[in-house]
Protein chains: 2
Amino acid sequence: MDEFALIRRYFQPLQQPRQGTAEESVSVGIGDDCAVLNVPEGRQLVVSIDTLVEGTHFLADTPPEQLAWRLLGACVSDLAAMGATPSWLTLALTLPHADEAWVSAFSAALSEATQLYRIRLVGGDTTRGPLTLTAQVHGFVKTDTALLRSNAQIGDLICVTGTLGDSRAGLETLLTKSSSNTVVEYLRQRFYRPQPRISTGQLISAYASACIDISDGLLGDIQHIMDQSEVGAQINPEALPLSAEIQHFTDDKTAREWALSGGEDFELCFTVPPEQWLSLQAHLQNHDVQVTPVGAICEAKGLQLFSQGEWCAVAANGYKHF
Amino acid sequence: MDEFALIRRYFQPLQQPRQGTAEESVSVGIGDDCAVLNVPEGRQLVVSIDTLVEGTHFLADTPPEQLAWRLLGACVSDLAAMGATPSWLTLALTLPHADEAWVSAFSAALSEATQLYRIRLVGGDTTRGPLTLTAQVHGFVKTDTALLRSNAQIGDLICVTGTLGDSRAGLETLLTKSSSNTVVEYLRQRFYRPQPRISTGQLISAYASACIDISDGLLGDIQHIMDQSEVGAQINPEALPLSAEIQHFTDDKTAREWALSGGEDFELCFTVPPEQWLSLQAHLQNHDVQVTPVGAICEAKGLQLFSQGEWCAVAANGYKHF
């Protein structure tokens, strides 16, 4: 089956309007030289592009459905970190061969994920080569309300959503070929199916001063907020939220290391002025999301961790791509 | 040098406002989770994503500056085919290693190309793996004026811009290691540095009924217009515009085969209602662009070529990616 036939068969159905999306936002979808799109009045467009490469970001023979979830989850998480509403997806797939079974499984999972995240496929490119998946996601924010990395202020609380380290633990279960049980399955799902914090990003955007999603690991990602806001940060590893599952799977020290440095949790790390904290807490009570203060923004440049009763300067050691 | 340092050093300078672009269209560029962008009032957004893979689309050891020109040229050509004005670029680079010399040469050429096309880099991702380059381009059209593939009407003239087959001839000079001379260099530049027809696309958009850029080869690309407009087409190979250089490099039969089926010329193929033809011709006289009628849209489905005094049905044989 040639490229055009593959695309028609498996990807055109994905451009169906997603429930809850603004259908009028797509004038022309897949099938022309470009997609033609409409950004609603009073909204800014936010975009992010991400690549997953076999051997670098995932093991060979990872099931295609898991790749679809991880690719889209990671990308949409960037939209969540801006407080944005997802709108459109474009996809560049490089495949070793025109494997219909692979494309079929991938597109079925992608269809599920696009429906869950309410994002619509509007274009793409399919090429032959070593397995490489690139997605660009697009979303909207009300003009001048995007949550940036650059506005953290001295004295702000540093908060994180959900629990940290689970994705790294999930990878460990794969590397060590742990036998399946409910704990192991939970951690693997956290690795394979990141749940971007879309609604939480929108919810906190009226309170937070800065935000980033945790893709490289908390220590690496807080560094971006520090760099761009020109501030320092203190984080208390004892305060990091850990799941019951990670605590069951490994010892406390390892779990906290993974929570600090393990990548791809796709939770949000954000800063909140202390005077906003109570209002945010009240607002969060009606929502099913855990938010945990783990530190504070400080004047002294650099990052400090609380350890054995004192604050110690550390080097950021987020995951590096090279 | 790690990923973040590479990006900062070589790609951040590229997000400088391009001369002639609407500077206010970029609120946040490279360096946050997403870029934050503004689509002007009364404009639609058009987007296209394209990938080049080493070994599939280019030979190993192709100089990085040539890759930058081909990648961007091919992408921007999709905008040209919509009659759009380029605005923003995002880039996903997968590189075998953090080769500063490569990144430096690539980004220098990309900087030249983005200035020429007046498009601004607003985001990207850099990953490690087999050399793969993906670009998404964004542009604007006045609302409801995008040139589509789907509106060709029976009786419309089929026209092409510039000359065809040169890019395929340029590839041949590389494959056969032809010694350099002015003809060979011209053809190689046509292969390495496609010149997307941005202003021509905008100029014809008031006259043309359908348009596509010639990336897969004329026979393959006219097929897309036929499919989406639900019409047939007749093309006269004798009418195809050939450069003096291709005629010097090879025999007439080969040159016309390359003009019909060779990909990556990145000229435009468009259809014009006959009653618009004279006005378009008049309009074109003040512009430095060659437009040549090469056939017509007809009712009978399928593609016919004029050969030895009669119209013969042919199968489209554009370049297939798999």
# chains A, B, ... in the order shown; residues from 1 in each chain; ligands from 1
call {"tool": "closest_atom_pairs", "arguments": {"of": "chain A", "to": "chain B", "cutoff": "6 Å", "atoms": "only C-alpha atoms", "output": "Markdown table"}}
result
| residue | atom | partner | partner_atom | distance |
| --- | --- | --- | --- | --- |
| A:Asp2 | CA | B:Phe322 | CA | 5.8 |
| A:Asp33 | CA | B:Asp78 | CA | 5.2 |
| A:Cys34 | CA | B:Ser48 | CA | 4.8 |
| A:Ala35 | CA | B:Val46 | CA | 5.4 |
| A:Val36 | CA | B:Val46 | CA | 4.5 |
| A:Leu37 | CA | B:Leu45 | CA | 5.0 |
| A:Asn38 | CA | B:Gln44 | CA | 5.3 |
| A:Gln44 | CA | B:Asn38 | CA | 5.3 |
| A:Leu45 | CA | B:Leu37 | CA | 5.0 |
| A:Val46 | CA | B:Val36 | CA | 4.5 |
| A:Val47 | CA | B:Cys34 | CA | 5.1 |
| A:Ser48 | CA | B:Cys34 | CA | 4.8 |
| A:Ile49 | CA | B:Gly124 | CA | 5.8 |
| A:Asp50 | CA | B:Asp125 | CA | 5.6 |
| A:Asp78 | CA | B:Asp33 | CA | 5.2 |
| A:Gly124 | CA | B:Ile49 | CA | 5.8 |
| A:Asp125 | CA | B:Asp50 | CA | 5.7 |
| A:Phe322 | CA | B:Asp2 | CA | 5.8 |
call {"tool": "residues_around", "arguments": {"residues": "A:Ala313", "least_positions_apart": "6", "cutoff": "8 Å", "atoms": "only C-alpha atoms", "output": "ChimeraX atom specification"}}
result
/A:302-305
call {"tool": "calpha_fit_rmsd", "arguments": {"fixed": "chain B", "moving": "chain A"}}
result
0.0 Å
call {"tool": "residues_around", "arguments": {"residues": "A:Gln223", "least_positions_apart": "5", "cutoff": "12 Å", "atoms": "only C-alpha atoms", "output": "PyMOL selection string"}}
result
(chain A and resi 149-150+152+211-212+214+216-218+228-235+261+269+297+301-304+314-319) or (chain B and resi 4)
call {"tool": "write_last_selection", "arguments": {"atoms": "N, CA and C atoms", "output": "PDB file, in the first residue's frame"}}
result
ATOM      1  N   ARG A 149       7.259  30.796  31.652  1.00  0.00           N
ATOM      2  CA  ARG A 149       8.287  30.356  32.598  1.00  0.00           C
ATOM      3  C   ARG A 149       8.963  31.552  33.259  1.00  0.00           C
ATOM      4  N   SER A 150       8.682  32.726  32.756  1.00  0.00           N
ATOM      5  CA  SER A 150       9.559  33.869  33.025  1.00  0.00           C
ATOM      6  C   SER A 150       9.068  34.820  34.107  1.00  0.00           C
ATOM      7  N   ALA A 152       8.253  34.048  37.560  1.00  0.00           N
ATOM      8  CA  ALA A 152       8.313  33.633  38.972  1.00  0.00           C
ATOM      9  C   ALA A 152       8.951  34.748  39.801  1.00  0.00           C
ATOM     10  N   CYS A 211       4.990  28.596  35.058  1.00  0.00           N
ATOM     11  CA  CYS A 211       4.629  27.175  34.976  1.00  0.00           C
ATOM     12  C   CYS A 211       5.478  26.492  33.916  1.00  0.00           C
ATOM     13  N   ILE A 212       5.751  25.196  34.143  1.00  0.00           N
ATOM     14  CA  ILE A 212       6.447  24.357  33.164  1.00  0.00           C
ATOM     15  C   ILE A 212       5.924  22.946  33.367  1.00  0.00           C
ATOM     16  N   ILE A 214       6.763  18.888  33.649  1.00  0.00           N
ATOM     17  CA  ILE A 214       7.944  18.145  34.092  1.00  0.00           C
ATOM     18  C   ILE A 214       8.249  17.053  33.074  1.00  0.00           C
ATOM     19  N   ASP A 216      11.804  16.855  31.672  1.00  0.00           N
ATOM     20  CA  ASP A 216      13.214  16.486  31.828  1.00  0.00           C
ATOM     21  C   ASP A 216      13.522  16.022  33.248  1.00  0.00           C
ATOM     22  N   GLY A 217      12.580  16.170  34.169  1.00  0.00           N
ATOM     23  CA  GLY A 217      12.818  15.916  35.590  1.00  0.00           C
ATOM     24  C   GLY A 217      12.687  17.232  36.341  1.00  0.00           C
ATOM     25  N   LEU A 218      12.147  17.176  37.554  1.00  0.00           N
ATOM     26  CA  LEU A 218      11.874  18.410  38.311  1.00  0.00           C
ATOM     27  C   LEU A 218      13.108  19.309  38.414  1.00  0.00           C
ATOM     28  N   GLN A 228      14.807  31.709  33.332  1.00  0.00           N
ATOM     29  CA  GLN A 228      14.018  32.697  32.598  1.00  0.00           C
ATOM     30  C   GLN A 228      13.386  33.737  33.516  1.00  0.00           C
ATOM     31  N   SER A 229      13.245  33.391  34.806  1.00  0.00           N
ATOM     32  CA  SER A 229      12.717  34.384  35.743  1.00  0.00           C
ATOM     33  C   SER A 229      13.855  35.092  36.483  1.00  0.00           C
ATOM     34  N   GLU A 230      15.095  34.621  36.261  1.00  0.00           N
ATOM     35  CA  GLU A 230      16.280  35.193  36.915  1.00  0.00           C
ATOM     36  C   GLU A 230      16.141  35.199  38.434  1.00  0.00           C
ATOM     37  N   VAL A 231      15.845  34.024  38.972  1.00  0.00           N
ATOM     38  CA  VAL A 231      15.685  33.839  40.420  1.00  0.00           C
ATOM     39  C   VAL A 231      16.348  32.525  40.821  1.00  0.00           C
ATOM     40  N   GLY A 232      16.429  32.276  42.128  1.00  0.00           N
ATOM     41  CA  GLY A 232      16.885  30.997  42.630  1.00  0.00           C
ATOM     42  C   GLY A 232      15.705  30.191  43.152  1.00  0.00           C
ATOM     43  N   ALA A 233      15.979  28.941  43.577  1.00  0.00           N
ATOM     44  CA  ALA A 233      14.883  28.098  44.073  1.00  0.00           C
ATOM     45  C   ALA A 233      15.387  27.169  45.159  1.00  0.00           C
ATOM     46  N   GLN A 234      14.507  26.903  46.127  1.00  0.00           N
ATOM     47  CA  GLN A 234      14.775  25.910  47.169  1.00  0.00           C
ATOM     48  C   GLN A 234      13.702  24.836  47.073  1.00  0.00           C
ATOM     49  N   ILE A 235      14.137  23.583  47.081  1.00  0.00           N
ATOM     50  CA  ILE A 235      13.180  22.478  47.005  1.00  0.00           C
ATOM     51  C   ILE A 235      13.487  21.492  48.127  1.00  0.00           C
ATOM     52  N   SER A 261      14.644  13.717  39.670  1.00  0.00           N
ATOM     53  CA  SER A 261      15.407  13.738  38.414  1.00  0.00           C
ATOM     54  C   SER A 261      14.814  12.889  37.301  1.00  0.00           C
ATOM     55  N   CYS A 269       4.818  21.857  37.115  1.00  0.00           N
ATOM     56  CA  CYS A 269       5.525  22.528  38.196  1.00  0.00           C
ATOM     57  C   CYS A 269       5.236  24.005  38.007  1.00  0.00           C
ATOM     58  N   ILE A 297      10.614  30.053  45.686  1.00  0.00           N
ATOM     59  CA  ILE A 297      11.534  30.861  44.875  1.00  0.00           C
ATOM     60  C   ILE A 297      12.304  31.785  45.815  1.00  0.00           C
ATOM     61  N   LYS A 301      20.774  33.076  43.701  1.00  0.00           N
ATOM     62  CA  LYS A 301      20.753  32.337  42.447  1.00  0.00           C
ATOM     63  C   LYS A 301      21.154  30.880  42.681  1.00  0.00           C
ATOM     64  N   GLY A 302      20.718  30.013  41.832  1.00  0.00           N
ATOM     65  CA  GLY A 302      21.055  28.611  41.941  1.00  0.00           C
ATOM     66  C   GLY A 302      19.962  27.849  42.661  1.00  0.00           C
ATOM     67  N   LEU A 303      20.155  26.554  42.716  1.00  0.00           N
ATOM     68  CA  LEU A 303      19.149  25.654  43.265  1.00  0.00           C
ATOM     69  C   LEU A 303      19.679  25.068  44.565  1.00  0.00           C
ATOM     70  N   GLN A 304      18.828  25.037  45.595  1.00  0.00           N
ATOM     71  CA  GLN A 304      19.213  24.421  46.866  1.00  0.00           C
ATOM     72  C   GLN A 304      18.209  23.338  47.239  1.00  0.00           C
ATOM     73  N   VAL A 314      22.935  22.602  44.769  1.00  0.00           N
ATOM     74  CA  VAL A 314      23.140  21.440  43.879  1.00  0.00           C
ATOM     75  C   VAL A 314      23.176  21.925  42.439  1.00  0.00           C
ATOM     76  N   ALA A 315      23.800  21.090  41.609  1.00  0.00           N
ATOM     77  CA  ALA A 315      23.741  21.353  40.168  1.00  0.00           C
ATOM     78  C   ALA A 315      22.471  20.698  39.648  1.00  0.00           C
ATOM     79  N   ALA A 316      21.809  21.391  38.745  1.00  0.00           N
ATOM     80  CA  ALA A 316      20.640  20.785  38.095  1.00  0.00           C
ATOM     81  C   ALA A 316      21.144  19.607  37.277  1.00  0.00           C
ATOM     82  N   ASN A 317      20.449  18.506  37.311  1.00  0.00           N
ATOM     83  CA  ASN A 317      20.894  17.361  36.508  1.00  0.00           C
ATOM     84  C   ASN A 317      19.721  16.709  35.795  1.00  0.00           C
ATOM     85  N   GLY A 318      18.914  17.559  35.188  1.00  0.00           N
ATOM     86  CA  GLY A 318      17.817  17.038  34.374  1.00  0.00           C
ATOM     87  C   GLY A 318      18.389  16.206  33.241  1.00  0.00           C
ATOM     88  N   TYR A 319      17.570  15.388  32.678  1.00  0.00           N
ATOM     89  CA  TYR A 319      17.941  14.536  31.558  1.00  0.00           C
ATOM     90  C   TYR A 319      18.416  15.393  30.389  1.00  0.00           C
TER      91      TYR A 319
ATOM     92  N   PHE B   4      20.609  22.253  25.273  1.00  0.00           N
ATOM     93  CA  PHE B   4      20.102  23.596  25.566  1.00  0.00           C
ATOM     94  C   PHE B   4      21.115  24.664  25.136  1.00  0.00           C
TER      95      PHE B   4
END
call {"tool": "residues_around", "arguments": {"residues": "A:Leu240", "least_positions_apart": "6", "cutoff": "9 Å", "atoms": "only C-alpha atoms", "output": "PDB file with C-alpha atoms, in the first residue's frame"}}
result
ATOM      1  CA  VAL A 160       3.697  20.331  41.611  1.00  0.00           C
ATOM      2  CA  THR A 163       2.904  12.451  42.106  1.00  0.00           C
ATOM      3  CA  LEU A 164       6.473  12.416  40.783  1.00  0.00           C
ATOM      4  CA  ARG A 256      12.852  10.557  45.894  1.00  0.00           C
ATOM      5  CA  ALA A 259      10.914  12.151  41.795  1.00  0.00           C
ATOM      6  CA  LEU A 260      13.663  14.793  41.619  1.00  0.00           C
ATOM      7  CA  THR A 292       1.679  19.935  46.610  1.00  0.00           C
ATOM      8  CA  PRO A 293       3.982  22.801  47.638  1.00  0.00           C
ATOM      9  CA  VAL A 294       7.554  21.490  47.416  1.00  0.00           C
TER      10      VAL A 294
END
call {"tool": "select_by_dssp", "arguments": {"residues": "stretch 229-311 of chain A", "states": "helix (DSSP H, G or I)", "output": "NGL selection string"}}
result
:A and (229 or 237-239 or 244-249 or 252-261 or 274-284)
call {"tool": "write_last_selection", "arguments": {"atoms": "C-alpha atoms", "output": "PDB file, in the first residue's frame"}}
result
ATOM      1  CA  SER A 229      12.717  34.384  35.743  1.00  0.00           C
ATOM      2  CA  PRO A 237      12.873  16.452  48.603  1.00  0.00           C
ATOM      3  CA  GLU A 238      10.938  15.257  51.670  1.00  0.00           C
ATOM      4  CA  ALA A 239       7.935  17.247  50.465  1.00  0.00           C
ATOM      5  CA  ALA A 244       1.727   4.505  47.025  1.00  0.00           C
ATOM      6  CA  GLU A 245       2.890   2.420  44.064  1.00  0.00           C
ATOM      7  CA  ILE A 246       6.391   3.894  43.793  1.00  0.00           C
ATOM      8  CA  GLN A 247       6.805   3.521  47.560  1.00  0.00           C
ATOM      9  CA  HIS A 248       5.822  -0.109  47.234  1.00  0.00           C
ATOM     10  CA  PHE A 249       8.152  -0.673  44.271  1.00  0.00           C
ATOM     11  CA  ASP A 252      12.366   5.891  49.828  1.00  0.00           C
ATOM     12  CA  LYS A 253      15.774   7.203  48.752  1.00  0.00           C
ATOM     13  CA  THR A 254      15.479   5.859  45.207  1.00  0.00           C
ATOM     14  CA  ALA A 255      11.875   7.011  44.928  1.00  0.00           C
ATOM     15  CA  ARG A 256      12.852  10.557  45.894  1.00  0.00           C
ATOM     16  CA  GLU A 257      15.764  10.541  43.460  1.00  0.00           C
ATOM     17  CA  TRP A 258      13.411   9.501  40.688  1.00  0.00           C
ATOM     18  CA  ALA A 259      10.914  12.151  41.795  1.00  0.00           C
ATOM     19  CA  LEU A 260      13.663  14.793  41.619  1.00  0.00           C
ATOM     20  CA  SER A 261      15.407  13.738  38.414  1.00  0.00           C
ATOM     21  CA  PRO A 274       1.880  33.249  48.710  1.00  0.00           C
ATOM     22  CA  GLU A 275      -1.104  35.627  48.842  1.00  0.00           C
ATOM     23  CA  GLN A 276      -2.769  33.589  46.057  1.00  0.00           C
ATOM     24  CA  TRP A 277      -2.199  30.229  47.686  1.00  0.00           C
ATOM     25  CA  LEU A 278      -5.337  30.135  49.829  1.00  0.00           C
ATOM     26  CA  SER A 279      -7.610  31.164  46.952  1.00  0.00           C
ATOM     27  CA  LEU A 280      -6.014  28.548  44.717  1.00  0.00           C
ATOM     28  CA  GLN A 281      -6.448  25.861  47.389  1.00  0.00           C
ATOM     29  CA  ALA A 282     -10.113  26.783  47.736  1.00  0.00           C
ATOM     30  CA  HIS A 283     -10.553  26.695  43.970  1.00  0.00           C
ATOM     31  CA  LEU A 284      -8.864  23.289  43.740  1.00  0.00           C
TER      32      LEU A 284
END
call {"tool": "residues_around", "arguments": {"residues": "stretch 112-115 of chain B", "least_positions_apart": "4", "cutoff": "7 Å", "atoms": "only C-alpha atoms", "output": "list in words"}}
result
Arg18, Trp69, Ala108, Ile119 and Arg120 of chain B
call {"tool": "atom_distance", "arguments": {"atom1": "atom CA of A:Gly165", "atom2": "atom CA of A:Gly263"}}
result
7.6 Å
call {"tool": "atom_distance", "arguments": {"atom1": "atom CA of A:Trp311", "atom2": "atom CA of A:Glu299"}}
result
13.9 Å
